[in-house]
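Data from structure_27.txt: compact mmCIF, N, CA and C atoms
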```txt
# COMPACT_ATOMS: atom_id res chain seq x y z
N MET A 12 -19.96 163.44 204.24
CA MET A 12 -19.30 163.25 205.52
C MET A 12 -19.12 164.61 206.20
N ASN A 13 -19.31 164.65 207.47
CA ASN A 13 -19.14 165.84 208.30
C ASN A 13 -17.69 166.34 208.19
N ILE A 14 -17.48 167.67 208.14
CA ILE A 14 -16.14 168.25 207.97
C ILE A 14 -15.22 167.91 209.14
N VAL A 15 -15.76 167.83 210.35
CA VAL A 15 -14.93 167.48 211.51
C VAL A 15 -14.49 166.02 211.42
N THR A 16 -15.37 165.16 210.96
CA THR A 16 -15.01 163.75 210.76
C THR A 16 -13.93 163.63 209.69
N THR A 17 -14.10 164.36 208.61
CA THR A 17 -13.08 164.38 207.55
C THR A 17 -11.74 164.86 208.09
N ALA A 18 -11.77 165.92 208.88
CA ALA A 18 -10.54 166.47 209.47
C ALA A 18 -9.89 165.45 210.40
N PHE A 19 -10.69 164.76 211.21
CA PHE A 19 -10.16 163.75 212.13
C PHE A 19 -9.50 162.61 211.36
N ILE A 20 -10.16 162.14 210.32
CA ILE A 20 -9.61 161.05 209.51
C ILE A 20 -8.33 161.49 208.81
N ALA A 21 -8.32 162.70 208.25
CA ALA A 21 -7.11 163.22 207.59
C ALA A 21 -5.96 163.30 208.58
N GLY A 22 -6.22 163.80 209.78
CA GLY A 22 -5.18 163.90 210.80
C GLY A 22 -4.67 162.54 211.22
N LEU A 23 -5.58 161.61 211.43
CA LEU A 23 -5.20 160.26 211.84
C LEU A 23 -4.33 159.59 210.78
N LEU A 24 -4.76 159.67 209.52
CA LEU A 24 -3.99 159.05 208.44
C LEU A 24 -2.61 159.69 208.26
N PHE A 25 -2.56 161.02 208.29
CA PHE A 25 -1.28 161.70 208.12
C PHE A 25 -0.34 161.36 209.28
N GLY A 26 -0.87 161.32 210.49
CA GLY A 26 -0.05 160.96 211.65
C GLY A 26 0.49 159.54 211.53
N LEU A 27 -0.37 158.61 211.16
CA LEU A 27 0.06 157.21 211.03
C LEU A 27 1.09 157.04 209.91
N ILE A 28 0.88 157.70 208.79
CA ILE A 28 1.84 157.59 207.68
C ILE A 28 3.20 158.12 208.10
N ASP A 29 3.23 159.24 208.82
CA ASP A 29 4.50 159.81 209.25
C ASP A 29 5.21 158.89 210.23
N VAL A 30 4.47 158.26 211.13
CA VAL A 30 5.07 157.32 212.08
C VAL A 30 5.65 156.12 211.34
N VAL A 31 4.94 155.60 210.36
CA VAL A 31 5.45 154.47 209.57
C VAL A 31 6.75 154.86 208.85
N LEU A 32 6.81 156.09 208.33
CA LEU A 32 8.03 156.55 207.66
C LEU A 32 9.21 156.65 208.62
N MET A 33 8.94 156.80 209.91
CA MET A 33 10.00 156.93 210.90
C MET A 33 10.54 155.59 211.40
N ILE A 34 9.88 154.50 211.10
CA ILE A 34 10.29 153.19 211.63
C ILE A 34 11.74 152.86 211.31
N PRO A 35 12.24 153.06 210.09
CA PRO A 35 13.64 152.69 209.82
C PRO A 35 14.69 153.64 210.42
N ILE A 36 14.29 154.78 210.94
CA ILE A 36 15.25 155.75 211.46
C ILE A 36 15.84 155.25 212.78
N LYS A 37 17.16 155.37 212.91
CA LYS A 37 17.86 154.95 214.13
C LYS A 37 17.86 156.08 215.15
N PHE A 38 17.66 155.72 216.42
CA PHE A 38 17.71 156.65 217.53
C PHE A 38 18.67 156.10 218.58
N ASP A 39 19.11 156.97 219.49
CA ASP A 39 20.06 156.55 220.52
C ASP A 39 19.47 155.48 221.43
N THR A 40 18.22 155.64 221.81
CA THR A 40 17.56 154.68 222.70
C THR A 40 16.15 154.40 222.19
N PRO A 41 15.60 153.26 222.60
CA PRO A 41 14.20 153.00 222.23
C PRO A 41 13.25 154.06 222.78
N ALA A 42 13.55 154.60 223.96
CA ALA A 42 12.70 155.64 224.54
C ALA A 42 12.72 156.91 223.68
N ALA A 43 13.88 157.26 223.16
CA ALA A 43 13.99 158.44 222.30
C ALA A 43 13.19 158.24 221.01
N LYS A 44 13.22 157.03 220.48
CA LYS A 44 12.46 156.74 219.26
C LYS A 44 10.96 156.84 219.54
N LYS A 45 10.53 156.28 220.67
CA LYS A 45 9.12 156.33 221.04
C LYS A 45 8.66 157.78 221.20
N GLU A 46 9.46 158.60 221.88
CA GLU A 46 9.11 160.01 222.08
C GLU A 46 9.02 160.75 220.75
N ALA A 47 9.98 160.50 219.87
CA ALA A 47 9.99 161.18 218.57
C ALA A 47 8.78 160.77 217.73
N MET A 48 8.41 159.50 217.79
CA MET A 48 7.27 159.02 217.01
C MET A 48 5.95 159.59 217.56
N ILE A 49 5.84 159.68 218.87
CA ILE A 49 4.63 160.26 219.46
C ILE A 49 4.52 161.73 219.09
N ALA A 50 5.63 162.45 219.21
CA ALA A 50 5.63 163.88 218.86
C ALA A 50 5.30 164.09 217.39
N ALA A 51 5.87 163.25 216.52
CA ALA A 51 5.59 163.37 215.08
C ALA A 51 4.12 163.08 214.79
N PHE A 52 3.58 162.06 215.45
CA PHE A 52 2.16 161.75 215.24
C PHE A 52 1.28 162.93 215.64
N ILE A 53 1.55 163.51 216.80
CA ILE A 53 0.73 164.63 217.28
C ILE A 53 0.82 165.81 216.32
N GLU A 54 2.04 166.12 215.87
CA GLU A 54 2.21 167.24 214.95
C GLU A 54 1.47 167.00 213.63
N ARG A 55 1.65 165.82 213.06
CA ARG A 55 1.01 165.52 211.77
C ARG A 55 -0.50 165.39 211.92
N PHE A 56 -0.95 164.86 213.05
CA PHE A 56 -2.39 164.81 213.29
C PHE A 56 -2.96 166.23 213.30
N GLY A 57 -2.26 167.13 213.97
CA GLY A 57 -2.70 168.53 214.02
C GLY A 57 -2.78 169.16 212.65
N ILE A 58 -1.77 168.91 211.84
CA ILE A 58 -1.77 169.44 210.47
C ILE A 58 -2.96 168.90 209.69
N GLY A 59 -3.12 167.58 209.72
CA GLY A 59 -4.21 166.96 208.98
C GLY A 59 -5.58 167.36 209.47
N PHE A 60 -5.70 167.63 210.76
CA PHE A 60 -6.98 168.02 211.33
C PHE A 60 -7.33 169.46 210.99
N VAL A 61 -6.35 170.34 211.02
CA VAL A 61 -6.61 171.77 210.82
C VAL A 61 -6.88 172.13 209.36
N ILE A 62 -6.14 171.54 208.44
CA ILE A 62 -6.25 171.93 207.02
C ILE A 62 -7.69 171.90 206.49
N PRO A 63 -8.45 170.82 206.69
CA PRO A 63 -9.82 170.82 206.16
C PRO A 63 -10.73 171.86 206.81
N LEU A 64 -10.38 172.32 208.01
CA LEU A 64 -11.23 173.26 208.74
C LEU A 64 -10.94 174.72 208.43
N VAL A 65 -9.81 174.98 207.75
CA VAL A 65 -9.40 176.36 207.47
C VAL A 65 -9.84 176.75 206.06
N SER A 66 -10.38 177.95 205.95
CA SER A 66 -10.80 178.47 204.65
C SER A 66 -10.11 179.80 204.42
N LEU A 67 -9.09 179.80 203.58
CA LEU A 67 -8.37 181.02 203.22
C LEU A 67 -8.76 181.40 201.79
N PRO A 68 -8.56 182.64 201.40
CA PRO A 68 -8.93 183.06 200.04
C PRO A 68 -7.89 182.66 198.98
N ILE A 69 -7.37 181.45 199.12
CA ILE A 69 -6.42 180.88 198.16
C ILE A 69 -6.86 179.44 197.90
N PRO A 70 -6.36 178.79 196.85
CA PRO A 70 -6.73 177.40 196.61
C PRO A 70 -6.42 176.52 197.82
N HIS A 71 -7.27 175.52 198.03
CA HIS A 71 -7.11 174.64 199.20
C HIS A 71 -5.75 173.96 199.25
N ALA A 72 -5.21 173.58 198.09
CA ALA A 72 -3.90 172.94 198.08
C ALA A 72 -2.83 173.88 198.64
N LEU A 73 -2.90 175.16 198.29
CA LEU A 73 -1.95 176.14 198.83
C LEU A 73 -2.18 176.37 200.32
N THR A 74 -3.44 176.32 200.74
CA THR A 74 -3.75 176.42 202.17
C THR A 74 -3.08 175.27 202.91
N GLY A 75 -3.15 174.07 202.34
CA GLY A 75 -2.51 172.91 202.95
C GLY A 75 -1.01 173.08 203.09
N ILE A 76 -0.38 173.60 202.04
CA ILE A 76 1.06 173.83 202.09
C ILE A 76 1.39 174.88 203.14
N PHE A 77 0.63 175.96 203.17
CA PHE A 77 0.87 177.05 204.13
C PHE A 77 0.74 176.56 205.58
N ILE A 78 -0.35 175.86 205.88
CA ILE A 78 -0.59 175.36 207.24
C ILE A 78 0.50 174.36 207.63
N SER A 79 0.85 173.45 206.71
CA SER A 79 1.85 172.44 207.05
C SER A 79 3.22 173.07 207.28
N CYS A 80 3.55 174.11 206.55
CA CYS A 80 4.83 174.81 206.79
C CYS A 80 4.84 175.46 208.17
N ILE A 81 3.74 176.10 208.54
CA ILE A 81 3.66 176.76 209.85
C ILE A 81 3.83 175.73 210.97
N PHE A 82 3.15 174.59 210.85
CA PHE A 82 3.23 173.56 211.89
C PHE A 82 4.58 172.84 211.89
N SER A 83 5.18 172.63 210.74
CA SER A 83 6.40 171.83 210.63
C SER A 83 7.69 172.61 210.89
N LEU A 84 7.68 173.89 210.65
CA LEU A 84 8.91 174.69 210.76
C LEU A 84 9.56 174.63 212.14
N PRO A 85 8.83 174.74 213.25
CA PRO A 85 9.50 174.65 214.55
C PRO A 85 10.25 173.33 214.75
N THR A 86 9.64 172.22 214.36
CA THR A 86 10.31 170.92 214.49
C THR A 86 11.53 170.85 213.60
N ALA A 87 11.42 171.36 212.39
CA ALA A 87 12.56 171.36 211.46
C ALA A 87 13.72 172.18 212.03
N ILE A 88 13.42 173.30 212.64
CA ILE A 88 14.47 174.15 213.22
C ILE A 88 15.12 173.46 214.42
N ILE A 89 14.31 172.89 215.31
CA ILE A 89 14.85 172.24 216.51
C ILE A 89 15.71 171.04 216.15
N THR A 90 15.24 170.21 215.21
CA THR A 90 15.96 168.99 214.86
C THR A 90 17.03 169.20 213.79
N LYS A 91 17.00 170.36 213.14
CA LYS A 91 17.90 170.65 212.01
C LYS A 91 17.74 169.63 210.88
N SER A 92 16.56 169.06 210.78
CA SER A 92 16.22 168.12 209.71
C SER A 92 15.21 168.79 208.79
N TYR A 93 15.68 169.81 208.10
CA TYR A 93 14.77 170.64 207.30
C TYR A 93 14.10 169.86 206.17
N ALA A 94 14.88 169.17 205.36
CA ALA A 94 14.32 168.51 204.18
C ALA A 94 13.29 167.44 204.54
N PRO A 95 13.60 166.49 205.43
CA PRO A 95 12.60 165.46 205.70
C PRO A 95 11.36 165.98 206.42
N VAL A 96 11.55 166.87 207.38
CA VAL A 96 10.40 167.37 208.15
C VAL A 96 9.52 168.26 207.28
N LEU A 97 10.13 169.24 206.63
CA LEU A 97 9.34 170.13 205.77
C LEU A 97 8.83 169.41 204.53
N GLY A 98 9.63 168.50 204.00
CA GLY A 98 9.22 167.76 202.80
C GLY A 98 7.97 166.93 203.03
N THR A 99 7.97 166.11 204.08
CA THR A 99 6.78 165.30 204.35
C THR A 99 5.60 166.18 204.75
N GLY A 100 5.88 167.26 205.47
CA GLY A 100 4.81 168.19 205.85
C GLY A 100 4.16 168.83 204.64
N ILE A 101 4.99 169.32 203.73
CA ILE A 101 4.46 169.99 202.53
C ILE A 101 3.71 169.02 201.64
N ILE A 102 4.27 167.84 201.43
CA ILE A 102 3.59 166.84 200.59
C ILE A 102 2.25 166.45 201.21
N GLY A 103 2.26 166.16 202.51
CA GLY A 103 1.01 165.80 203.18
C GLY A 103 0.00 166.93 203.16
N GLY A 104 0.47 168.15 203.43
CA GLY A 104 -0.42 169.31 203.41
C GLY A 104 -1.02 169.55 202.04
N LEU A 105 -0.20 169.39 201.02
CA LEU A 105 -0.68 169.55 199.64
C LEU A 105 -1.77 168.53 199.31
N ILE A 106 -1.51 167.28 199.66
CA ILE A 106 -2.48 166.21 199.37
C ILE A 106 -3.79 166.43 200.14
N ILE A 107 -3.67 166.72 201.44
CA ILE A 107 -4.88 166.94 202.24
C ILE A 107 -5.65 168.15 201.73
N GLY A 108 -4.93 169.23 201.44
CA GLY A 108 -5.59 170.42 200.91
C GLY A 108 -6.27 170.16 199.58
N PHE A 109 -5.61 169.41 198.71
CA PHE A 109 -6.18 169.09 197.40
C PHE A 109 -7.44 168.23 197.54
N LEU A 110 -7.39 167.25 198.44
CA LEU A 110 -8.52 166.33 198.60
C LEU A 110 -9.70 166.93 199.35
N THR A 111 -9.44 167.99 200.11
CA THR A 111 -10.56 168.59 200.85
C THR A 111 -10.92 169.88 200.17
```

Kindly present the structure from the file in structure tokens form.
Amino acid sequence: MNIVTTAFIAGLLFGLIDVVLMIPIKFDTPAAKKEAMIAAFIERFGIGFVIPLVSLPIPHALTGIFISCIFSLPTAIITKSYAPVLGTGIIGGLIIGFLT
């Protein structure tokens, strides 16, 4: 499979999984929930898309963790939800890095 296709699929799957994990979370309004889910999908898609395309002189699994931390940290700081945002980012980055 082409590396760009692999990256696209990884991004799509990671984005969808993160959105599904957000379904039970309560928000002030339905619009706020929709905005948060769209933003989360875009962020996780970016993480999943970039990891397979990056080649660092470290194991791919560590590359996945590194990239996911860089992408997830701004959201974690803004929302003050460090554990869930960084946790899902690191786990997803590790898995994508390991599989690619």

Which neighbours of His71 of chain A fall inside 6 Å, counting only N, CA and C atoms, when residues of the same chain fewer than 3 positions from it are skipped, and could you give them as a PDB file with N, CA and C atoms, in the frame of the given file?
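Everything below was put into out.pdb:
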```
ATOM      1  N   THR A  74      -3.440 176.320 200.740  1.00  0.00           N
ATOM      2  CA  THR A  74      -3.750 176.420 202.170  1.00  0.00           C
ATOM      3  C   THR A  74      -3.080 175.270 202.910  1.00  0.00           C
ATOM      4  N   GLY A  75      -3.150 174.070 202.340  1.00  0.00           N
ATOM      5  CA  GLY A  75      -2.510 172.910 202.950  1.00  0.00           C
ATOM      6  C   GLY A  75      -1.010 173.080 203.090  1.00  0.00           C
ATOM      7  N   GLY A 108      -4.930 169.230 201.440  1.00  0.00           N
ATOM      8  CA  GLY A 108      -5.590 170.420 200.910  1.00  0.00           C
ATOM      9  C   GLY A 108      -6.270 170.160 199.580  1.00  0.00           C
ATOM     10  N   PHE A 109      -5.610 169.410 198.710  1.00  0.00           N
ATOM     11  CA  PHE A 109      -6.180 169.090 197.400  1.00  0.00           C
ATOM     12  C   PHE A 109      -7.440 168.230 197.540  1.00  0.00           C
TER      13      PHE A 109
END
```

For the helix (DSSP H, G or I) assignment from backbone DSSP, which residues of chain A qualify? Please present them as a PyMOL selection string. chain A and resi 14-33+41-64+71-90+93-110

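Coordinates place atom C of Val31 of chain A at a distance of 12.3 Å from atom C of Pro95 of chain A.
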
re atom CA of Ala42 of chain A and atom CA of Leu84 of chain A: distance 23.8 Å

Using only N, CA and C atoms, which of A:Leu64, A:Ser92, A:Phe25, A:Gly104 sits nearest Cys80 of chain A? A:Gly104

Could you jot down the atom C of Thr16 of chain A to atom CA of Phe60 of chain A separation for me, Å, one decimal place?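 Going from atom C of Thr16 of chain A over to atom CA of Phe60 of chain A covers 8.4 Å.
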
Please write as a list in words the list of polymer residues whose atoms come within 6 Å of (6.4, 169.9, 205.0), counting only C-alpha atoms and keeping to the coordinates of the file.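 Taken together, the residues in range are Ser79, Cys80, Ser83, Val96, Leu97, Gly98, Thr99, Gly100 and Ile101 of chain A.
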
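Residue neighbourhood of segment 12-14 of chain A, excluding near-sequence residues (fewer than 5 positions): Phe19, Ile20, Pro63 and Leu64 of chain A, at 8 Å, using all atoms listed in the file.
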
Which residue is closest to Leu73 of chain A? Choose from A:Ala43, A:Leu105, A:Leu32, A:Val15 and count all atoms listed in the file.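 Of A:Ala43, A:Leu105, A:Leu32, A:Val15, the one nearest Leu73 of chain A, counting all atoms listed in the file, is A:Leu105.
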
Counting only N, CA and C atoms, figure out which residue out of A:Phe38, A:Phe56, A:Tyr93, A:Phe82 gets nearest to Ala18 of chain A.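 Under the stated criterion, the closest residue is A:Phe56.
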
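Among the candidates A:Ile58, A:Val30, A:Val65, A:Ile76, the one nearest to Ile102 of chain A when counting only N, CA and C atoms is A:Ile76.
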
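In this comparison, which uses all atoms listed in the file, the residue of A:Leu23, A:Met33, A:Ile106, A:Ile81 approaching Arg55 of chain A most closely is A:Leu23.
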
Give the answer as one residue: which of A:Ile36, A:Thr86, A:Ala21, A:Lys44 has the shortest atom-to-atom distance to Gly57 of chain A, using all atoms listed in the file? A:Ala21
